[in-house]
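File shown: data-v4.pdb. Contents: PDB, C-alpha atoms.
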ATOM      1  CA  MET B   1      26.196 -16.896 -30.063
ATOM      2  CA  ASN B   2      25.499 -19.584 -27.460
ATOM      3  CA  ASN B   3      27.684 -17.691 -24.991
ATOM      4  CA  ILE B   4      25.651 -14.485 -25.487
ATOM      5  CA  ILE B   5      22.377 -16.335 -24.869
ATOM      6  CA  ASN B   6      23.811 -17.969 -21.730
ATOM      7  CA  ASN B   7      24.928 -14.547 -20.431
ATOM      8  CA  ILE B   8      21.468 -13.094 -21.027
ATOM      9  CA  ILE B   9      19.833 -16.031 -19.227
ATOM     10  CA  GLN B  10      22.314 -15.696 -16.360
ATOM     11  CA  PHE B  11      21.438 -12.013 -15.870
ATOM     12  CA  LYS B  12      17.665 -12.346 -16.370
ATOM     13  CA  TYR B  13      16.994 -11.534 -12.705
ATOM     14  CA  ILE B  14      18.488  -8.101 -13.370
ATOM     15  CA  LEU B  15      17.633  -7.544 -17.034
ATOM     16  CA  VAL B  16      13.936  -8.447 -16.967
ATOM     17  CA  PRO B  17      12.949  -6.271 -13.951
ATOM     18  CA  LEU B  18      15.060  -3.336 -15.190
ATOM     19  CA  THR B  19      13.563  -3.608 -18.673
ATOM     20  CA  LEU B  20      10.101  -3.693 -17.102
ATOM     21  CA  TRP B  21      10.935  -0.617 -14.987
ATOM     22  CA  PHE B  22      12.235   1.294 -18.024
ATOM     23  CA  SER B  23       9.181   0.321 -20.092
ATOM     24  CA  ILE B  24       6.779   1.553 -17.414
ATOM     25  CA  GLN B  25       8.674   4.802 -16.922
ATOM     26  CA  LEU B  26       8.764   5.386 -20.696
ATOM     27  CA  PHE B  27       5.010   4.698 -20.806
ATOM     28  CA  LYS B  28       4.533   7.442 -18.169
ATOM     29  CA  VAL B  29       6.493   9.926 -20.318
ATOM     30  CA  ILE B  30       4.450   9.068 -23.420
ATOM     31  CA  TYR B  31       1.155   9.121 -21.522
ATOM     32  CA  GLU B  32       1.916  12.553 -20.059
ATOM     33  CA  TYR B  33       2.826  13.809 -23.528
ATOM     34  CA  CYS B  34      -0.546  12.596 -24.863
ATOM     35  CA  GLU B  35      -2.279  14.432 -22.030
ATOM     36  CA  THR B  36      -0.310  17.713 -22.103
ATOM     37  CA  LYS B  37       1.366  17.756 -25.541
ATOM     38  CA  LYS B  38       4.640  18.501 -23.705
ATOM     39  CA  TRP B  39       7.522  16.108 -23.181
ATOM     40  CA  ASN B  40       8.374  15.700 -19.511
ATOM     41  CA  TRP B  41      11.544  13.613 -19.445
ATOM     42  CA  ASP B  42      11.727  14.021 -15.659
ATOM     43  CA  ARG B  43       9.003  11.346 -15.515
ATOM     44  CA  LEU B  44      11.557   8.838 -16.803
ATOM     45  CA  MET B  45      13.321   8.894 -13.437
ATOM     46  CA  GLY B  46      10.455  10.286 -11.344
ATOM     47  CA  ALA B  47       8.383   8.451  -8.767
ATOM     48  CA  GLY B  48       4.617   8.106  -8.620
ATOM     49  CA  GLY B  49       2.012   7.667 -11.294
ATOM     50  CA  MET B  50       0.188   4.791 -12.934
ATOM     51  CA  PRO B  51       1.274   2.044 -12.750
ATOM     52  CA  SER B  52       3.785   1.656  -9.938
ATOM     53  CA  SER B  53       7.077   0.597 -11.474
ATOM     54  CA  HIS B  54       8.423  -0.151  -7.977
ATOM     55  CA  SER B  55       5.655  -2.672  -7.390
ATOM     56  CA  ALA B  56       6.068  -4.132 -10.853
ATOM     57  CA  ILE B  57       9.781  -4.851 -10.563
ATOM     58  CA  VAL B  58       9.729  -6.331  -7.050
ATOM     59  CA  VAL B  59       6.755  -8.581  -7.844
ATOM     60  CA  CYS B  60       8.311  -9.586 -11.178
ATOM     61  CA  LEU B  61      11.549 -10.514  -9.410
ATOM     62  CA  ALA B  62       9.715 -12.478  -6.711
ATOM     63  CA  ILE B  63       7.680 -14.429  -9.270
ATOM     64  CA  MET B  64      10.767 -15.194 -11.366
ATOM     65  CA  ILE B  65      12.610 -16.414  -8.282
ATOM     66  CA  GLY B  66       9.643 -18.497  -7.153
ATOM     67  CA  LYS B  67       9.277 -20.073 -10.583
ATOM     68  CA  ASN B  68      12.941 -20.886 -10.982
ATOM     69  CA  GLU B  69      14.159 -21.505  -7.413
ATOM     70  CA  GLY B  70      10.919 -22.811  -5.907
ATOM     71  CA  PHE B  71       8.102 -21.091  -4.055
ATOM     72  CA  GLN B  72       9.243 -22.865  -0.870
ATOM     73  CA  SER B  73      12.809 -21.513  -1.114
ATOM     74  CA  PRO B  74      14.211 -19.009   1.386
ATOM     75  CA  ILE B  75      15.209 -16.649  -1.442
ATOM     76  CA  PHE B  76      11.590 -16.548  -2.657
ATOM     77  CA  ALA B  77      10.431 -15.802   0.897
ATOM     78  CA  LEU B  78      12.959 -12.962   1.083
ATOM     79  CA  SER B  79      11.921 -11.530  -2.285
ATOM     80  CA  GLY B  80       8.211 -11.879  -1.443
ATOM     81  CA  ILE B  81       8.590 -10.032   1.863
ATOM     82  CA  PHE B  82      10.709  -7.399   0.119
ATOM     83  CA  ALA B  83       7.926  -6.954  -2.465
ATOM     84  CA  LEU B  84       5.256  -6.549   0.222
ATOM     85  CA  ILE B  85       7.322  -3.967   2.111
ATOM     86  CA  THR B  86       8.021  -2.045  -1.098
ATOM     87  CA  MET B  87       4.337  -1.976  -2.079
ATOM     88  CA  TYR B  88       3.275  -0.954   1.438
ATOM     89  CA  ASP B  89       5.841   1.830   1.407
ATOM     90  CA  ALA B  90       4.747   3.058  -2.047
ATOM     91  CA  ALA B  91       1.055   3.249  -1.120
ATOM     92  CA  GLY B  92       1.536   4.264   2.501
ATOM     93  CA  VAL B  93       4.607   6.170   3.580
ATOM     94  CA  ARG B  94       5.620   7.683   0.249
ATOM     95  CA  ARG B  95       2.022   8.615  -0.569
ATOM     96  CA  ALA B  96       1.741  10.418   2.791
ATOM     97  CA  VAL B  97       4.976  12.291   2.023
ATOM     98  CA  GLY B  98       3.477  13.434  -1.293
ATOM     99  CA  LYS B  99       0.329  14.697   0.436
ATOM    100  CA  GLN B 100       2.427  16.589   2.985
ATOM    101  CA  ALA B 101       4.497  18.123   0.181
ATOM    102  CA  MET B 102       1.280  19.317  -1.486
ATOM    103  CA  ILE B 103       0.149  21.035   1.715
ATOM    104  CA  LEU B 104       3.562  22.606   2.341
ATOM    105  CA  ASN B 105       3.779  23.850  -1.260
ATOM    106  CA  ASP B 106       0.328  25.413  -0.829
ATOM    107  CA  ILE B 107       1.444  27.157   2.371
ATOM    108  CA  ILE B 108       4.610  28.414   0.657
ATOM    109  CA  ARG B 109       2.580  29.665  -2.317
ATOM    110  CA  ASN B 110      -0.009  31.398  -0.107
ATOM    111  CA  GLN B 111       2.666  33.034   2.054
ATOM    112  CA  LYS B 112       4.508  34.111  -1.120
ATOM    113  CA  LEU B 113       7.813  32.694   0.081
ATOM    114  CA  THR B 114       9.925  33.032  -3.050
ATOM    115  CA  SER B 115      13.157  31.609  -1.660
ATOM    116  CA  ALA B 116      11.582  28.289  -0.654
ATOM    117  CA  GLU B 117      12.192  25.225  -2.811
ATOM    118  CA  LYS B 118       9.083  23.547  -4.272
ATOM    119  CA  LEU B 119       8.733  20.062  -2.822
ATOM    120  CA  GLN B 120       8.047  17.083  -5.069
ATOM    121  CA  GLU B 121       4.401  16.109  -4.650
ATOM    122  CA  MET B 122       4.264  12.955  -6.757
ATOM    123  CA  THR B 123       6.303  10.497  -4.705
ATOM    124  CA  GLY B 124       3.872   7.737  -3.772
ATOM    125  CA  HIS B 125       1.099   5.702  -5.313
ATOM    126  CA  THR B 126      -2.571   5.048  -4.812
ATOM    127  CA  PRO B 127      -3.496   1.463  -3.962
ATOM    128  CA  VAL B 128      -4.833   1.025  -7.521
ATOM    129  CA  GLN B 129      -1.491   2.113  -8.992
ATOM    130  CA  VAL B 130       0.326  -0.365  -6.725
ATOM    131  CA  ILE B 131      -2.053  -3.202  -7.671
ATOM    132  CA  ALA B 132      -1.691  -2.383 -11.394
ATOM    133  CA  GLY B 133       2.094  -2.484 -11.041
ATOM    134  CA  ALA B 134       1.909  -5.775  -9.138
ATOM    135  CA  ILE B 135      -0.277  -7.299 -11.879
ATOM    136  CA  LEU B 136       2.245  -6.238 -14.530
ATOM    137  CA  GLY B 137       4.981  -7.755 -12.374
ATOM    138  CA  VAL B 138       3.127 -11.067 -12.089
ATOM    139  CA  ILE B 139       2.499 -11.219 -15.850
ATOM    140  CA  THR B 140       6.113 -10.375 -16.688
ATOM    141  CA  GLY B 141       7.484 -12.768 -14.066
ATOM    142  CA  VAL B 142       5.348 -15.621 -15.376
ATOM    143  CA  ILE B 143       6.432 -14.966 -18.973
ATOM    144  CA  PHE B 144      10.136 -14.897 -18.132
TER     145      PHE B 144
END
What's the structure tokens form of this structure?
Amino acid sequence: MNNIINNIIQFKYILVPLTLWFSIQLFKVIYEYCETKKWNWDRLMGAGGMPSSHSAIVVCLAIMIGKNEGFQSPIFALSGIFALITMYDAAGVRRAVGKQAMILNDIIRNQKLTSAEKLQEMTGHTPVQVIAGAILGVITGVIF
């Protein structure tokens, strides 16, 4: 039993963020079901939505590393910069891609192009979604 607990503690930097990611994605599936009364299991692996699971897991990992390795450590600096880049990308680049996909899908629909593939519109996050994910990451990182 002691060996199992030691293995779990050893892999906490993987297990805790992945569990957080899965929990957030499952929340998105359940929330969409409450809104539409239809199960959309694609949301389990899909990007976008409230809160940002990307932001949550990178912030959680950074906080856990800072707590356990020291906030002055190079590995915390690396994880913190990685978290900032990920959050910037989620709210900036990926959000812009989603907006462009919306416009292109509208053009395709209006031109009645039936052979064109529908582009995924929900790829990025609003700043509020990113902040909400980061807050969940901080809370989870502090707890574990």
Ground truth for the PyMOL selection byres ((chain B and resi 63-78) around 7), written as a list of chain:residue names: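 Applying the PyMOL selection byres ((chain B and resi 63-78) around 7) to the structure shown produces B:Val59, B:Cys60, B:Leu61, B:Ala62, B:Ser79, B:Gly80, B:Ile81, B:Phe82, B:Val138, B:Gly141, B:Val142, B:Phe144.
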Dump of C-alpha atoms for the selected residues, as an mmCIF file, in the frame of the given file:
data_model
loop_
_atom_site.group_PDB
_atom_site.id
_atom_site.type_symbol
_atom_site.label_atom_id
_atom_site.label_comp_id
_atom_site.auth_asym_id
_atom_site.auth_seq_id
_atom_site.Cartn_x
_atom_site.Cartn_y
_atom_site.Cartn_z
ATOM 1 C CA VAL B 59 6.755 -8.581 -7.844
ATOM 2 C CA CYS B 60 8.311 -9.586 -11.178
ATOM 3 C CA LEU B 61 11.549 -10.514 -9.410
ATOM 4 C CA ALA B 62 9.715 -12.478 -6.711
ATOM 5 C CA SER B 79 11.921 -11.530 -2.285
ATOM 6 C CA GLY B 80 8.211 -11.879 -1.443
ATOM 7 C CA ILE B 81 8.590 -10.032 1.863
ATOM 8 C CA PHE B 82 10.709 -7.399 0.119
ATOM 9 C CA VAL B 138 3.127 -11.067 -12.089
ATOM 10 C CA GLY B 141 7.484 -12.768 -14.066
ATOM 11 C CA VAL B 142 5.348 -15.621 -15.376
ATOM 12 C CA PHE B 144 10.136 -14.897 -18.132
#
Among listed residues B:Lys37, B:Pro17, B:Leu104, B:Gly46, nearest Ile139 of chain B (using only C-alpha atoms):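 Among the listed residues, the smallest separation from Ile139 of chain B belongs to B:Pro17.
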Identify all residues satisfying the PyMOL selection byres ((chain B and resi 135) around 12) in the given file; provide them as a short mmCIF file (atom, residue, chain, number, x, y, z; two decimals) with C-alpha atoms, keeping the file's coordinate frame.
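Everything below was put into out.cif:
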data_model
loop_
_atom_site.label_atom_id
_atom_site.label_comp_id
_atom_site.auth_asym_id
_atom_site.auth_seq_id
_atom_site.Cartn_x
_atom_site.Cartn_y
_atom_site.Cartn_z
CA PRO B 51 1.27 2.04 -12.75
CA SER B 52 3.78 1.66 -9.94
CA SER B 53 7.08 0.60 -11.47
CA HIS B 54 8.42 -0.15 -7.98
CA SER B 55 5.66 -2.67 -7.39
CA ALA B 56 6.07 -4.13 -10.85
CA ILE B 57 9.78 -4.85 -10.56
CA VAL B 58 9.73 -6.33 -7.05
CA VAL B 59 6.76 -8.58 -7.84
CA CYS B 60 8.31 -9.59 -11.18
CA ILE B 63 7.68 -14.43 -9.27
CA VAL B 128 -4.83 1.02 -7.52
CA GLN B 129 -1.49 2.11 -8.99
CA VAL B 130 0.33 -0.36 -6.72
CA ILE B 131 -2.05 -3.20 -7.67
CA ALA B 132 -1.69 -2.38 -11.39
CA GLY B 133 2.09 -2.48 -11.04
CA ALA B 134 1.91 -5.78 -9.14
CA LEU B 136 2.24 -6.24 -14.53
CA GLY B 137 4.98 -7.76 -12.37
CA VAL B 138 3.13 -11.07 -12.09
CA ILE B 139 2.50 -11.22 -15.85
CA THR B 140 6.11 -10.38 -16.69
CA GLY B 141 7.48 -12.77 -14.07
CA VAL B 142 5.35 -15.62 -15.38
#
Near-Asn40 of chain B list (8 Å; all atoms listed in the file; drop same-chain fewer than 5 positions) as a list in words: Val29, Glu32 and Tyr33 of chain B
Counting all atoms listed in the file, the option among B:Lys38, B:Leu15, B:Val97, B:Lys28 closest to Met50 of chain B: B:Lys28
Which residues are near Leu26 of chain B? Cut-off 8 Å, all atoms listed in the file, ignore same chain within fewer than 3 positions. Put them as a JSON list (two decimals) with C-alpha atoms, keeping the file's coordinate frame.
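Output contents, as saved in part_29.json:
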[["chain", "number", "residue", "atom", "x", "y", "z"],
["B", 22, "PHE", "CA", 12.24, 1.29, -18.02],
["B", 23, "SER", "CA", 9.18, 0.32, -20.09],
["B", 29, "VAL", "CA", 6.49, 9.93, -20.32],
["B", 30, "ILE", "CA", 4.45, 9.07, -23.42],
["B", 43, "ARG", "CA", 9.00, 11.35, -15.52],
["B", 44, "LEU", "CA", 11.56, 8.84, -16.80]]
